[in-house]
Structures are given as structure tokens and as C-alpha cells.
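Q: One structure coming up, written as C-alpha cells, with questions to follow.
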Amino acid sequence: MISDSIIIINNVKGVIELKAIFNFSDQKIIVVTGKNGVGKTTLVEAFKLISDIQVFQKSASLNSIRLNSSVSFKLHGYEPFSFSYNPKFEALDTKQVFKKKEPVFAELPIPYGDRFQRFSLVAKHDTEIRINIASSNYQDADELIEFLRKVYLTDKFSNLKVTNIKRQNFYFVLRESDFYIREDHLSSGEFFLIQLFRLITSGFELIVIDELDVSLDAAAQVHLFEAIKPVLDKYDSRLIVMSHSLAFMSTVDDGALYLLEDNSHKITLEQRSFGYVKSFLYGFEGYDRYILTEDAVMERFIEYIINDFHMTPYYQHKTIGVGGWNQLKLIIEKNDTEKIFTDSSNVIGIVDGDAYPEISQNYNGQTKILRSSVEDIEKYIFLNREALLTEIELPTYLESKNEKKASKAYWKYLTVDKKLTINHLYQLIIDSQNENTKRLANEIRAFLEKDSIEI
């Protein structure tokens, strides 16, 4: 099984050099995003080389490959192999011979992807499908039904059937009197998800897909990540997808989001938080000042302080939870040099007290970094629960010995199981850490108000 994948691309299309390392140790799905033209499709096409050495001739412009073009792979369980330019075929070629079918399947975007060729294949076998239906030669497509139900939150696919023709599965929705709806007559999003399910259940160790969200509505994008994980687990497969969808990216696990970025003409691929990606790709133009925080919990805490201390900001502002102090440092450094938000003087970063010494030591830029009123918001509530939450009984579940994990679980216990509002927890912090919170509030007030007065 592929636990990690390394691909190195040199002088292919507009990519001069890219070393992409995908780490699957903590998840089975990796989501790659980046600005248009940075090389996402090139990355998918490079994976497609494993099954089609003519891929660049078919889907890219002239001179997309040249004499010094190469693509190298290192996949877990396989000897390293590479593709280099073969003048005889005018293509990237390799001497690697797989004893079994290729370990990787790469799905290209419109109109080159295999899912778009599937339409004609289904129509070609329509007669056989009809015969199988008439002779009841089909079964309930239980796994696919459950997958689609989790994505669309509906039972409309409960009568989905599958029939096998020449070792290939074909799906259809059965109606009364043997009337049926073929898979290619479903919506484009539904048809795509069936193809995705088919690929995962076909035994490929790694599947790479471009334009994952092109035909999926927002609701389907939100539920897809959780719906596909048990299917990948069962069939021991891994998935790399290219996406621009904020709805989809907001659902992925920590460590599963990668950003493809052009840094001074060198393409890099790095793990990034959702907050970092959202800020980098889409920005928040139109605001005078920006407050960048470690995460969404801190983001909402800062907004609560602004309201609770009755601030009247002169400058229109945006508070953004980036995701971890290291990600916060990276996005601040990028703004210092590229002004993806605005001038550094109009940006502040706010971090937990336990992260403040480290970021202060490692960051030497122009953006001001402020310290929160507590070491860690969730941990503070957890460690002081006997004093702050005397009316709340302790949870019955076994708590982690790791304070960070235990505090996050306890925060969820309070806000979900006990239905305490997050604002109530914020107020407990303000009341018990009044002087520290006043200090932070005065710093925020000075940043947002034109003529601020300390409280």
C-alpha cells in the first residue's frame, strides 16, 4: 500500500522544477489547491504518464515537453522509476514495467478525463443492460447507495442496481415495469461520484483527480470528504484531488490540505492550514485593517472582546483564524513581502500565550504580534473547570492524558453535549483574567479606533 508518494517534475510545460511529497501517514485523502496556472493540472498529467506516455501530446500545447524534460517517481512498495524524453516517440518514456496493473490512476479535467469517455461506453452496452434487466441479472448496489446517501443526504438512490457486463459494472436506477435510468443519464455530479466510487473499488492504490468539484453542488462538496473515507478504508486506497472549493476544503482533516505555490519561479508544494489557504487564495480586499489569529476559537474570542468592551472601530476590519502559530507566522511573512492583505502596519497577529515566546523569537518582520490573555483558550477552561464550571458534571468518557487533546474534547463536551454557548465560555475567561484581558482589549482598541482611550 502506498503510504507516501514523491514525484519530481523538471522542465514540463511551465514547471521548471517541482518536488512534491505527499504524506499519507495520517489520512487517505490529500487535497491540493493553488492559484490558476501554477501547475495543478501538470501534476495530474505527470501521474497520468504511468499509464499513458502520450498524455502531454494529447492534452497540452506544443513544446510542453522537451529534451531536458523528466518526471521521476518514488512510490512506497515500488522501486524508484522515471520518465525522460524519448526523441523517437517525441514523448516522455520509461523502462519501468509493472508486473501488475499500474498502481496509480490519474483522472484529467474536461474533456480528457476517463469519466467523460465513459458516456459512450455505457451507451455502447445499452442492449446488454436491457437484457440483464429483463432477466433480473442484477443486484442491489448497496455500497454505492450508502456512499451517495452520505453525500446527498437523501434516499433517492435506494433503488440503484448494478449489473456486470464483460467484467465491468454498470449502474442504473430501476423503475416500475423494468423502466430504468442509466448512470450516464443521472446528473453530471451524480455520474461523477459513481465514477469515483468505481475507481476506488477497482483496486488502484492511488487515484489522482483534477477538477474534483467541477460538477458537484456545494452541499455535495461539504459531505464528500467524510462520505468517501470509509470506502477508501475498505479498499485500501489513497486519493489526491485538485480543488478550488472552499466548501470542500473546509471539511478536510488537519494535514490533508496542500498548497501549490510559485515562489520566485520555483513551484513548491507544502502542507497548509485551511485559514492560510483561504487567506492566500481569496484574500479579503476592502478592509482597512486585519487581525490574524491562530484559529477559529481565538478569532471568535477577539470579536467577542471587541463587542464586550464596547469598541467602536473607526477602521473597517476583518478577523481571520489562520490555523496554528506556525501557519500564522508564514502568512504574516508572506504579507510582509507580497501585501496579500495590506501594509504590515495595518495587520496584527494575536497568538496564545504559550506560543507567544516562540513566534516572537522566530519572527522578525514588521507586523505587530500580540499575546492573548491566557496561555490557551480551550486548555484554560479545561484546567480551571472546577473553579469556573462548578455546575457542570465531569464527562463520563475516558479523557486523554494529553492536555491539548483532552481540552479540545472537553470544549466539545461543553458546547455540544452540555449546550453551553461559546460566548459564555469567553465571558468566564474575561471575568477570571480581567487584567490580562483589559491589556489585550486596549491593544486591539488602539489598532481599530482612531483616537482610542484606555480602559
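FYI, nothing fancy with the C-alpha cells labels: chains A, B, ... in order, residues from 1 per chain, ligands from 1 as they appear.
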Any idea what's packed within 10 Å of Ser187 in chain A, counting only C-alpha atoms, ignoring anything in its chain fewer than 4 positions away? Could you give it as a compact mmCIF listing (two decimals) with N, CA and C atoms, in the first residue's frame?
A:
```txt
# COMPACT_ATOMS: atom_id res chain seq x y z
N GLU A 183 -26.73 5.15 -15.57
CA GLU A 183 -25.85 6.04 -14.82
C GLU A 183 -25.48 7.28 -15.59
N PHE A 191 -23.18 11.32 -11.71
CA PHE A 191 -22.42 10.45 -12.61
C PHE A 191 -20.94 10.44 -12.22
N PHE A 192 -20.41 11.63 -11.89
CA PHE A 192 -19.00 11.71 -11.48
C PHE A 192 -18.74 10.91 -10.21
N SER A 215 -18.32 19.52 -11.05
CA SER A 215 -19.72 19.17 -11.32
C SER A 215 -20.53 18.92 -10.05
N LEU A 216 -19.95 19.21 -8.88
CA LEU A 216 -20.64 18.94 -7.62
C LEU A 216 -21.21 20.22 -7.03
```
Q: Quick one: residues within 12 Å of range 151-154 of chain A, only C-alpha atoms counted, chain neighbours fewer than 3 positions away excluded, as a ChimeraX atom specification?
A: /A:144-148,157-158,189-190,193-194,197,216-229,248
Q: Output the selection as a CSV table (one decimal), in the first residue's frame - N, CA, C and O atoms for each residue.
A:
```csv
chain,number,residue,atom,x,y,z
A,144,LEU,N,-22.6,1.5,-3.0
A,144,LEU,CA,-22.8,2.8,-3.7
A,144,LEU,C,-24.0,3.5,-3.2
A,144,LEU,O,-23.9,4.8,-3.1
A,145,ILE,N,-25.1,2.9,-2.9
A,145,ILE,CA,-26.2,3.5,-2.3
A,145,ILE,C,-25.9,4.2,-1.1
A,145,ILE,O,-26.2,5.4,-0.8
A,146,GLU,N,-25.1,3.5,-0.2
A,146,GLU,CA,-24.8,4.1,1.1
A,146,GLU,C,-23.8,5.3,0.9
A,146,GLU,O,-24.0,6.4,1.6
A,147,PHE,N,-22.9,5.2,0.0
A,147,PHE,CA,-22.0,6.3,-0.3
A,147,PHE,C,-22.8,7.5,-0.8
A,147,PHE,O,-22.6,8.7,-0.3
A,148,LEU,N,-23.7,7.4,-1.8
A,148,LEU,CA,-24.4,8.5,-2.3
A,148,LEU,C,-25.4,9.1,-1.3
A,148,LEU,O,-25.6,10.3,-1.2
A,157,PHE,N,-31.5,7.3,-4.1
A,157,PHE,CA,-30.7,6.2,-4.8
A,157,PHE,C,-31.0,4.8,-4.2
A,157,PHE,O,-30.2,3.9,-4.5
A,158,SER,N,-32.0,4.7,-3.4
A,158,SER,CA,-32.2,3.4,-2.7
A,158,SER,C,-32.5,2.3,-3.7
A,158,SER,O,-32.4,1.1,-3.3
A,189,GLY,N,-23.0,15.6,-11.6
A,189,GLY,CA,-22.4,15.4,-10.3
A,189,GLY,C,-22.6,13.9,-9.8
A,189,GLY,O,-21.6,13.3,-9.3
A,190,GLU,N,-23.8,13.4,-10.0
A,190,GLU,CA,-24.1,12.1,-9.6
A,190,GLU,C,-23.3,11.1,-10.4
A,190,GLU,O,-22.7,10.1,-9.9
A,193,LEU,N,-19.6,11.0,-9.2
A,193,LEU,CA,-19.4,10.3,-8.0
A,193,LEU,C,-19.5,8.8,-8.2
A,193,LEU,O,-18.8,8.0,-7.5
A,194,ILE,N,-20.3,8.3,-9.1
A,194,ILE,CA,-20.3,6.9,-9.5
A,194,ILE,C,-19.0,6.5,-10.0
A,194,ILE,O,-18.4,5.4,-9.7
A,197,PHE,N,-16.4,6.3,-7.2
A,197,PHE,CA,-16.7,5.1,-6.5
A,197,PHE,C,-16.1,3.9,-7.2
A,197,PHE,O,-15.5,3.0,-6.7
A,216,LEU,N,-19.9,19.2,-8.9
A,216,LEU,CA,-20.6,18.9,-7.6
A,216,LEU,C,-21.2,20.2,-7.0
A,216,LEU,O,-20.5,21.3,-7.0
A,217,ASP,N,-22.5,20.2,-6.5
A,217,ASP,CA,-23.0,21.3,-5.9
A,217,ASP,C,-22.4,21.5,-4.5
A,217,ASP,O,-21.7,20.6,-4.0
A,218,ALA,N,-22.6,22.7,-3.9
A,218,ALA,CA,-22.0,23.0,-2.6
A,218,ALA,C,-22.3,22.0,-1.5
A,218,ALA,O,-21.4,21.6,-0.7
A,219,ALA,N,-23.6,21.5,-1.5
A,219,ALA,CA,-24.0,20.6,-0.4
A,219,ALA,C,-23.2,19.3,-0.6
A,219,ALA,O,-22.7,18.7,0.4
A,220,ALA,N,-23.0,18.8,-1.8
A,220,ALA,CA,-22.3,17.6,-2.0
A,220,ALA,C,-20.8,17.7,-1.7
A,220,ALA,O,-20.2,16.8,-1.1
A,221,GLN,N,-20.3,18.9,-2.0
A,221,GLN,CA,-18.9,19.1,-1.6
A,221,GLN,C,-18.6,19.1,-0.1
A,221,GLN,O,-17.6,18.6,0.3
A,222,VAL,N,-19.6,19.6,0.6
A,222,VAL,CA,-19.4,19.6,2.1
A,222,VAL,C,-19.4,18.2,2.7
A,222,VAL,O,-18.7,17.9,3.6
A,223,HIS,N,-20.2,17.3,2.1
A,223,HIS,CA,-20.3,16.0,2.7
A,223,HIS,C,-19.4,14.9,2.1
A,223,HIS,O,-19.3,13.8,2.6
A,224,LEU,N,-18.8,15.3,0.9
A,224,LEU,CA,-18.0,14.3,0.2
A,224,LEU,C,-16.8,13.7,1.0
A,224,LEU,O,-16.6,12.5,1.0
A,225,PHE,N,-16.1,14.6,1.7
A,225,PHE,CA,-14.9,14.1,2.4
A,225,PHE,C,-15.2,13.0,3.4
A,225,PHE,O,-14.5,12.0,3.4
A,226,GLU,N,-16.2,13.2,4.2
A,226,GLU,CA,-16.5,12.2,5.2
A,226,GLU,C,-17.1,11.0,4.6
A,226,GLU,O,-16.9,9.9,5.1
A,227,ALA,N,-17.8,11.2,3.5
A,227,ALA,CA,-18.5,10.0,2.9
A,227,ALA,C,-17.5,9.1,2.2
A,227,ALA,O,-17.7,7.9,2.2
A,228,ILE,N,-16.4,9.6,1.7
A,228,ILE,CA,-15.5,8.8,0.9
A,228,ILE,C,-14.5,8.1,1.8
A,228,ILE,O,-13.9,7.1,1.3
A,229,LYS,N,-14.3,8.5,3.0
A,229,LYS,CA,-13.2,7.9,3.8
A,229,LYS,C,-13.5,6.5,4.1
A,229,LYS,O,-12.5,5.6,4.0
A,248,PHE,N,-15.5,22.5,0.1
A,248,PHE,CA,-14.9,21.2,0.3
A,248,PHE,C,-13.6,21.2,1.2
A,248,PHE,O,-13.5,20.4,2.1
```
Q: Provide the CA of Ile377 in chain A to CA of Leu428 in chain A distance in Å, to one decimal place.
A: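 Going from CA of Ile377 in chain A over to CA of Leu428 in chain A, I get 10.6 Å.
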Q: If you measure from CA of Leu389 in chain A to CA of Lys438 in chain A, what distance in Å do you get, rounded to one decimal?
A: 22.4 Å
Q: Could you name the residues that touch Ser237 in chain A at 7 Å or less, counting only C-alpha atoms, but leaving out those on the same chain fewer than 4 positions away, as an MDAnalysis selection string?
A: chainID A and resid 200 204:206 232:233
Q: Skip Asn335 in chain A itself and residues of its chain fewer than 6 positions away, then list as a list of chain:residue names all residues within 10 Å of it, counting only C-alpha atoms.
A: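 Using only C-alpha atoms, the neighbours found are A:Phe280, A:Lys329, A:Phe341, A:Thr342, A:Asp343, A:Ser344, A:Val347, A:Gly365, A:Gln366, A:Thr367.
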Q: May I have the residues from that selection written out with C-alpha atoms, as an mmCIF file, in the first residue's frame?
A:
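Okay, out-v7.cif is ready:
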```
data_model
loop_
_atom_site.group_PDB
_atom_site.id
_atom_site.type_symbol
_atom_site.label_atom_id
_atom_site.label_comp_id
_atom_site.auth_asym_id
_atom_site.auth_seq_id
_atom_site.Cartn_x
_atom_site.Cartn_y
_atom_site.Cartn_z
ATOM 1 C CA PHE A 280 -3.752 33.316 0.357
ATOM 2 C CA LYS A 329 3.807 33.282 11.031
ATOM 3 C CA PHE A 341 -3.811 41.789 2.700
ATOM 4 C CA THR A 342 -2.353 45.282 3.040
ATOM 5 C CA ASP A 343 0.660 47.096 4.502
ATOM 6 C CA SER A 344 2.139 45.372 7.551
ATOM 7 C CA VAL A 347 -2.106 43.971 10.251
ATOM 8 C CA GLY A 365 9.099 41.216 10.444
ATOM 9 C CA GLN A 366 7.161 44.469 10.645
ATOM 10 C CA THR A 367 3.778 43.078 11.733
#
```
Q: List every residue of range 90-259 of chain A that DSSP, applied to the backbone of this structure, places in helix (DSSP H, G or I), and write the result as a CSV table (one decimal) with N, CA, C and O atoms, in the first residue's frame.
A:
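selection38.csv was written with the following content:
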```
chain,number,residue,atom,x,y,z
A,114,ASP,N,-11.1,10.2,-18.1
A,114,ASP,CA,-11.8,9.0,-18.4
A,114,ASP,C,-13.3,9.0,-18.2
A,114,ASP,O,-14.1,8.3,-18.8
A,115,ARG,N,-13.7,9.8,-17.1
A,115,ARG,CA,-15.1,9.8,-16.8
A,115,ARG,C,-15.9,10.4,-18.0
A,115,ARG,O,-17.1,10.0,-18.1
A,116,PHE,N,-15.3,11.2,-18.8
A,116,PHE,CA,-16.1,11.8,-19.9
A,116,PHE,C,-16.1,10.8,-21.1
A,116,PHE,O,-17.0,10.9,-21.9
A,117,GLN,N,-15.2,9.8,-21.1
A,117,GLN,CA,-15.2,8.8,-22.2
A,117,GLN,C,-16.2,7.7,-21.8
A,117,GLN,O,-16.6,6.9,-22.6
A,118,ARG,N,-16.6,7.7,-20.5
A,118,ARG,CA,-17.5,6.6,-20.0
A,118,ARG,C,-18.9,6.7,-20.6
A,118,ARG,O,-19.6,5.7,-20.7
A,119,PHE,N,-19.3,7.9,-21.0
A,119,PHE,CA,-20.7,8.1,-21.6
A,119,PHE,C,-20.9,7.2,-22.8
A,119,PHE,O,-21.9,6.5,-22.8
A,120,SER,N,-19.9,7.2,-23.7
A,120,SER,CA,-20.1,6.4,-24.9
A,120,SER,C,-20.0,4.9,-24.6
A,120,SER,O,-20.7,4.1,-25.2
A,121,LEU,N,-19.2,4.5,-23.6
A,121,LEU,CA,-19.1,3.1,-23.2
A,121,LEU,C,-20.5,2.6,-22.6
A,121,LEU,O,-20.9,1.5,-23.0
A,122,VAL,N,-21.1,3.4,-21.8
A,122,VAL,CA,-22.4,2.9,-21.2
A,122,VAL,C,-23.4,2.8,-22.4
A,122,VAL,O,-24.2,1.8,-22.4
A,123,ALA,N,-23.5,3.8,-23.3
A,123,ALA,CA,-24.4,3.7,-24.4
A,123,ALA,C,-24.1,2.5,-25.3
A,123,ALA,O,-25.1,1.9,-25.8
A,124,LYS,N,-22.9,2.2,-25.5
A,124,LYS,CA,-22.5,1.0,-26.3
A,124,LYS,C,-23.1,-0.3,-25.8
A,124,LYS,O,-23.4,-1.2,-26.6
A,126,ASP,N,-25.8,-0.6,-24.0
A,126,ASP,CA,-27.3,-0.5,-23.6
A,126,ASP,C,-28.1,-1.7,-23.8
A,126,ASP,O,-28.9,-2.1,-23.0
A,127,THR,N,-27.8,-2.4,-25.0
A,127,THR,CA,-28.6,-3.6,-25.3
A,127,THR,C,-28.4,-4.7,-24.2
A,127,THR,O,-29.3,-5.3,-23.7
A,128,GLU,N,-27.1,-4.9,-23.8
A,128,GLU,CA,-26.8,-5.9,-22.8
A,128,GLU,C,-27.4,-5.5,-21.5
A,128,GLU,O,-27.9,-6.4,-20.7
A,129,ILE,N,-27.4,-4.2,-21.2
A,129,ILE,CA,-28.0,-3.8,-19.9
A,129,ILE,C,-29.5,-4.1,-19.9
A,129,ILE,O,-30.0,-4.6,-18.9
A,130,ARG,N,-30.2,-3.8,-21.0
A,130,ARG,CA,-31.6,-4.1,-21.1
A,130,ARG,C,-31.9,-5.6,-20.9
A,130,ARG,O,-32.8,-6.0,-20.3
A,131,ILE,N,-31.0,-6.5,-21.6
A,131,ILE,CA,-31.2,-7.9,-21.5
A,131,ILE,C,-31.0,-8.4,-20.0
A,131,ILE,O,-31.8,-9.2,-19.5
A,132,ASN,N,-30.0,-7.8,-19.4
A,132,ASN,CA,-29.8,-8.2,-18.0
A,132,ASN,C,-30.9,-7.8,-17.1
A,132,ASN,O,-31.3,-8.5,-16.1
A,133,ILE,N,-31.5,-6.6,-17.3
A,133,ILE,CA,-32.6,-6.2,-16.5
A,133,ILE,C,-33.8,-7.1,-16.8
A,133,ILE,O,-34.5,-7.5,-15.8
A,134,ALA,N,-34.1,-7.4,-18.0
A,134,ALA,CA,-35.2,-8.3,-18.3
A,134,ALA,C,-35.1,-9.6,-17.7
A,134,ALA,O,-36.1,-10.3,-17.3
A,142,ASP,N,-25.5,-1.9,-2.9
A,142,ASP,CA,-25.7,-1.4,-1.5
A,142,ASP,C,-24.6,-0.5,-1.1
A,142,ASP,O,-24.8,0.6,-0.5
A,143,GLU,N,-23.3,-0.8,-1.5
A,143,GLU,CA,-22.2,0.1,-1.1
A,143,GLU,C,-22.3,1.5,-1.7
A,143,GLU,O,-22.1,2.5,-1.1
A,144,LEU,N,-22.6,1.5,-3.0
A,144,LEU,CA,-22.8,2.8,-3.7
A,144,LEU,C,-24.0,3.5,-3.2
A,144,LEU,O,-23.9,4.8,-3.1
A,145,ILE,N,-25.1,2.9,-2.9
A,145,ILE,CA,-26.2,3.5,-2.3
A,145,ILE,C,-25.9,4.2,-1.1
A,145,ILE,O,-26.2,5.4,-0.8
A,146,GLU,N,-25.1,3.5,-0.2
A,146,GLU,CA,-24.8,4.1,1.1
A,146,GLU,C,-23.8,5.3,0.9
A,146,GLU,O,-24.0,6.4,1.6
A,147,PHE,N,-22.9,5.2,0.0
A,147,PHE,CA,-22.0,6.3,-0.3
A,147,PHE,C,-22.8,7.5,-0.8
A,147,PHE,O,-22.6,8.7,-0.3
A,148,LEU,N,-23.7,7.4,-1.8
A,148,LEU,CA,-24.4,8.5,-2.3
A,148,LEU,C,-25.4,9.1,-1.3
A,148,LEU,O,-25.6,10.3,-1.2
A,149,ARG,N,-25.9,8.2,-0.4
A,149,ARG,CA,-26.8,8.7,0.7
A,149,ARG,C,-26.0,9.7,1.6
A,149,ARG,O,-26.5,10.7,2.0
A,150,LYS,N,-24.8,9.3,1.9
A,150,LYS,CA,-24.0,10.1,2.8
A,150,LYS,C,-23.6,11.5,2.1
A,150,LYS,O,-23.5,12.5,2.8
A,151,VAL,N,-23.4,11.4,0.8
A,151,VAL,CA,-23.0,12.7,0.1
A,151,VAL,C,-24.2,13.6,0.0
A,151,VAL,O,-24.1,14.8,0.2
A,152,TYR,N,-25.4,13.0,-0.5
A,152,TYR,CA,-26.5,13.9,-0.8
A,152,TYR,C,-27.6,13.9,0.3
A,152,TYR,O,-28.6,14.7,0.2
A,176,GLU,N,-40.5,1.2,-12.2
A,176,GLU,CA,-41.5,0.2,-12.4
A,176,GLU,C,-41.5,-0.3,-13.9
A,176,GLU,O,-41.1,0.4,-14.8
A,177,SER,N,-42.0,-1.6,-14.0
A,177,SER,CA,-42.1,-2.2,-15.3
A,177,SER,C,-40.8,-2.3,-16.1
A,177,SER,O,-40.7,-2.1,-17.3
A,178,ASP,N,-39.7,-2.5,-15.3
A,178,ASP,CA,-38.3,-2.6,-15.9
A,178,ASP,C,-37.8,-1.3,-16.6
A,178,ASP,O,-36.8,-1.4,-17.3
A,183,GLU,N,-26.7,5.2,-15.6
A,183,GLU,CA,-25.9,6.0,-14.8
A,183,GLU,C,-25.5,7.3,-15.6
A,183,GLU,O,-25.3,8.4,-15.0
A,184,ASP,N,-25.4,7.2,-16.9
A,184,ASP,CA,-25.0,8.3,-17.7
A,184,ASP,C,-26.1,9.3,-17.9
A,184,ASP,O,-26.0,10.4,-18.5
A,185,HIS,N,-27.3,8.9,-17.5
A,185,HIS,CA,-28.5,9.8,-17.6
A,185,HIS,C,-28.8,10.5,-16.3
A,185,HIS,O,-29.7,11.3,-16.2
A,188,SER,N,-24.7,15.4,-13.8
A,188,SER,CA,-23.2,15.3,-14.0
A,188,SER,C,-22.5,15.0,-12.7
A,188,SER,O,-21.5,14.2,-12.7
A,189,GLY,N,-23.0,15.6,-11.6
A,189,GLY,CA,-22.4,15.4,-10.3
A,189,GLY,C,-22.6,13.9,-9.8
A,189,GLY,O,-21.6,13.3,-9.3
A,190,GLU,N,-23.8,13.4,-10.0
A,190,GLU,CA,-24.1,12.1,-9.6
A,190,GLU,C,-23.3,11.1,-10.4
A,190,GLU,O,-22.7,10.1,-9.9
A,191,PHE,N,-23.2,11.3,-11.7
A,191,PHE,CA,-22.4,10.4,-12.6
A,191,PHE,C,-20.9,10.4,-12.2
A,191,PHE,O,-20.3,9.4,-12.2
A,192,PHE,N,-20.4,11.6,-11.9
A,192,PHE,CA,-19.0,11.7,-11.5
A,192,PHE,C,-18.7,10.9,-10.2
A,192,PHE,O,-17.7,10.2,-10.1
A,193,LEU,N,-19.6,11.0,-9.2
A,193,LEU,CA,-19.4,10.3,-8.0
A,193,LEU,C,-19.5,8.8,-8.2
A,193,LEU,O,-18.8,8.0,-7.5
A,194,ILE,N,-20.3,8.3,-9.1
A,194,ILE,CA,-20.3,6.9,-9.5
A,194,ILE,C,-19.0,6.5,-10.0
A,194,ILE,O,-18.4,5.4,-9.7
A,195,GLN,N,-18.4,7.3,-10.9
A,195,GLN,CA,-17.1,7.0,-11.5
A,195,GLN,C,-16.0,7.0,-10.4
A,195,GLN,O,-15.1,6.2,-10.4
A,196,LEU,N,-16.1,7.9,-9.4
A,196,LEU,CA,-15.1,8.0,-8.3
A,196,LEU,C,-15.2,6.7,-7.5
A,196,LEU,O,-14.2,6.1,-7.2
A,197,PHE,N,-16.4,6.3,-7.2
A,197,PHE,CA,-16.7,5.1,-6.5
A,197,PHE,C,-16.1,3.9,-7.2
A,197,PHE,O,-15.5,3.0,-6.7
A,198,ARG,N,-16.3,3.8,-8.5
A,198,ARG,CA,-15.9,2.7,-9.4
A,198,ARG,C,-14.3,2.7,-9.4
A,198,ARG,O,-13.8,1.6,-9.3
A,199,LEU,N,-13.7,3.8,-9.4
A,199,LEU,CA,-12.2,3.8,-9.4
A,199,LEU,C,-11.7,3.3,-8.1
A,199,LEU,O,-10.7,2.4,-8.1
A,200,ILE,N,-12.2,3.7,-7.0
A,200,ILE,CA,-11.7,3.3,-5.7
A,200,ILE,C,-11.9,1.8,-5.5
A,200,ILE,O,-11.1,1.1,-4.9
A,218,ALA,N,-22.6,22.7,-3.9
A,218,ALA,CA,-22.0,23.0,-2.6
A,218,ALA,C,-22.3,22.0,-1.5
A,218,ALA,O,-21.4,21.6,-0.7
A,219,ALA,N,-23.6,21.5,-1.5
A,219,ALA,CA,-24.0,20.6,-0.4
A,219,ALA,C,-23.2,19.3,-0.6
A,219,ALA,O,-22.7,18.7,0.4
A,220,ALA,N,-23.0,18.8,-1.8
A,220,ALA,CA,-22.3,17.6,-2.0
A,220,ALA,C,-20.8,17.7,-1.7
A,220,ALA,O,-20.2,16.8,-1.1
A,221,GLN,N,-20.3,18.9,-2.0
A,221,GLN,CA,-18.9,19.1,-1.6
A,221,GLN,C,-18.6,19.1,-0.1
A,221,GLN,O,-17.6,18.6,0.3
A,222,VAL,N,-19.6,19.6,0.6
A,222,VAL,CA,-19.4,19.6,2.1
A,222,VAL,C,-19.4,18.2,2.7
A,222,VAL,O,-18.7,17.9,3.6
A,223,HIS,N,-20.2,17.3,2.1
A,223,HIS,CA,-20.3,16.0,2.7
A,223,HIS,C,-19.4,14.9,2.1
A,223,HIS,O,-19.3,13.8,2.6
A,224,LEU,N,-18.8,15.3,0.9
A,224,LEU,CA,-18.0,14.3,0.2
A,224,LEU,C,-16.8,13.7,1.0
A,224,LEU,O,-16.6,12.5,1.0
A,225,PHE,N,-16.1,14.6,1.7
A,225,PHE,CA,-14.9,14.1,2.4
A,225,PHE,C,-15.2,13.0,3.4
A,225,PHE,O,-14.5,12.0,3.4
A,226,GLU,N,-16.2,13.2,4.2
A,226,GLU,CA,-16.5,12.2,5.2
A,226,GLU,C,-17.1,11.0,4.6
A,226,GLU,O,-16.9,9.9,5.1
A,227,ALA,N,-17.8,11.2,3.5
A,227,ALA,CA,-18.5,10.0,2.9
A,227,ALA,C,-17.5,9.1,2.2
A,227,ALA,O,-17.7,7.9,2.2
A,228,ILE,N,-16.4,9.6,1.7
A,228,ILE,CA,-15.5,8.8,0.9
A,228,ILE,C,-14.5,8.1,1.8
A,228,ILE,O,-13.9,7.1,1.3
A,229,LYS,N,-14.3,8.5,3.0
A,229,LYS,CA,-13.2,7.9,3.8
A,229,LYS,C,-13.5,6.5,4.1
A,229,LYS,O,-12.5,5.6,4.0
A,230,PRO,N,-14.7,6.0,4.5
A,230,PRO,CA,-14.9,4.6,4.8
A,230,PRO,C,-14.7,3.7,3.5
A,230,PRO,O,-14.3,2.6,3.6
A,231,VAL,N,-15.0,4.3,2.3
A,231,VAL,CA,-14.8,3.5,1.1
A,231,VAL,C,-13.3,3.3,0.8
A,231,VAL,O,-12.8,2.2,0.5
A,232,LEU,N,-12.5,4.4,1.0
A,232,LEU,CA,-11.1,4.3,0.9
A,232,LEU,C,-10.5,3.3,1.9
A,232,LEU,O,-9.6,2.5,1.6
A,233,ASP,N,-11.0,3.3,3.1
A,233,ASP,CA,-10.5,2.4,4.1
A,233,ASP,C,-10.7,0.9,3.7
A,233,ASP,O,-9.9,0.1,3.8
A,234,LYS,N,-11.9,0.7,3.3
A,234,LYS,CA,-12.3,-0.7,2.9
A,234,LYS,C,-11.5,-1.3,1.8
A,234,LYS,O,-11.0,-2.4,1.8
A,235,TYR,N,-11.2,-0.4,0.8
A,235,TYR,CA,-10.5,-0.9,-0.4
A,235,TYR,C,-9.0,-0.5,-0.4
A,235,TYR,O,-8.3,-0.7,-1.4
A,246,LEU,N,-13.8,26.2,-1.5
A,246,LEU,CA,-13.7,26.4,-0.1
A,246,LEU,C,-14.6,25.6,0.7
A,246,LEU,O,-14.3,25.1,1.8
A,247,ALA,N,-15.8,25.3,0.2
A,247,ALA,CA,-16.8,24.4,0.9
A,247,ALA,C,-16.2,23.0,1.2
A,247,ALA,O,-16.3,22.5,2.3
A,248,PHE,N,-15.5,22.5,0.1
A,248,PHE,CA,-14.9,21.2,0.3
A,248,PHE,C,-13.6,21.2,1.2
A,248,PHE,O,-13.5,20.4,2.1
A,249,MET,N,-12.8,22.2,0.9
A,249,MET,CA,-11.5,22.3,1.7
A,249,MET,C,-11.8,22.6,3.2
A,249,MET,O,-11.0,22.2,4.0
```
Q: Might you pull out every residue within 10 Å of Asp431 in chain A, with only C-alpha atoms counted and same-chain residues fewer than 5 positions away left off, and present them as a PyMOL selection string?
A: chain A and resi 388+426+437
Q: Rounded to one decimal, what separation in Å do you get between CA of Ile30 in chain A and CA of Ile209 in chain A?
A: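 Atom-to-atom, CA of Ile30 in chain A and CA of Ile209 in chain A are spaced 10.6 Å apart.
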Q: Leaving out range 14-18 of chain A and any residue of its chain fewer than 4 positions from it, which residues lie within 10 Å of it when counting only C-alpha atoms, given as a list of chain:residue names?
A: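 After dropping sequence-adjacent residues, the list is A:Ile7, A:Ile8, A:Ile9, A:Asn10, A:Gly37, A:Val38, A:Gly39, A:Thr42, A:Leu43, A:Ser64, A:Ile65, A:Ser69, A:Ser70, A:Val71, A:Leu260, A:Asp262, A:His265, A:Lys266, A:Ile267, A:Thr268, A:Leu269.
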Q: Can you list, as a PyMOL selection string, every residue of range 125-234 of chain A that DSSP puts in strand (DSSP E)?
A: chain A and resi 139-140+160-165+168-174+180-182+206-209
Q: With distances taken over only C-alpha atoms, which residue among A:Glu303, A:Glu338, A:Asp376, A:Glu102 lies nearest Leu75 in chain A?
A: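 Nearest to Leu75 in chain A: A:Glu102.
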Q: Given the choices A:Asn442, A:Lys161, A:Ser135, A:Ala106, which gets closest to Met311 in chain A if the distance is worked out from only C-alpha atoms?
A: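 With only C-alpha atoms as the atom set, the closest residue is A:Asn442.
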Q: Extract, using only C-alpha atoms, all DNA, RNA and protein residues at most 6 Å from Gly349 in chain A, discarding same-chain residues fewer than 6 positions from it, and format them as JSON, numbers by chain.
A: {"A": [291, 292, 293, 369]}
Q: With N, CA and C atoms retained, could you export that selection as a tab-separated table (two decimals), in the first residue's frame?
A:
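Output contents, as saved in selection.tsv:
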```
chain	number	residue	atom	x	y	z
A	291	ILE	N	-6.90	41.47	11.58
A	291	ILE	CA	-6.43	40.80	12.79
A	291	ILE	C	-6.33	39.32	12.47
A	292	LEU	N	-5.12	38.78	12.50
A	292	LEU	CA	-4.90	37.37	12.19
A	292	LEU	C	-4.68	36.62	13.49
A	293	THR	N	-5.42	35.53	13.68
A	293	THR	CA	-5.32	34.75	14.91
A	293	THR	C	-4.92	33.32	14.60
A	369	ILE	N	2.84	41.57	16.82
A	369	ILE	CA	2.30	40.33	17.36
A	369	ILE	C	1.84	40.59	18.80
```
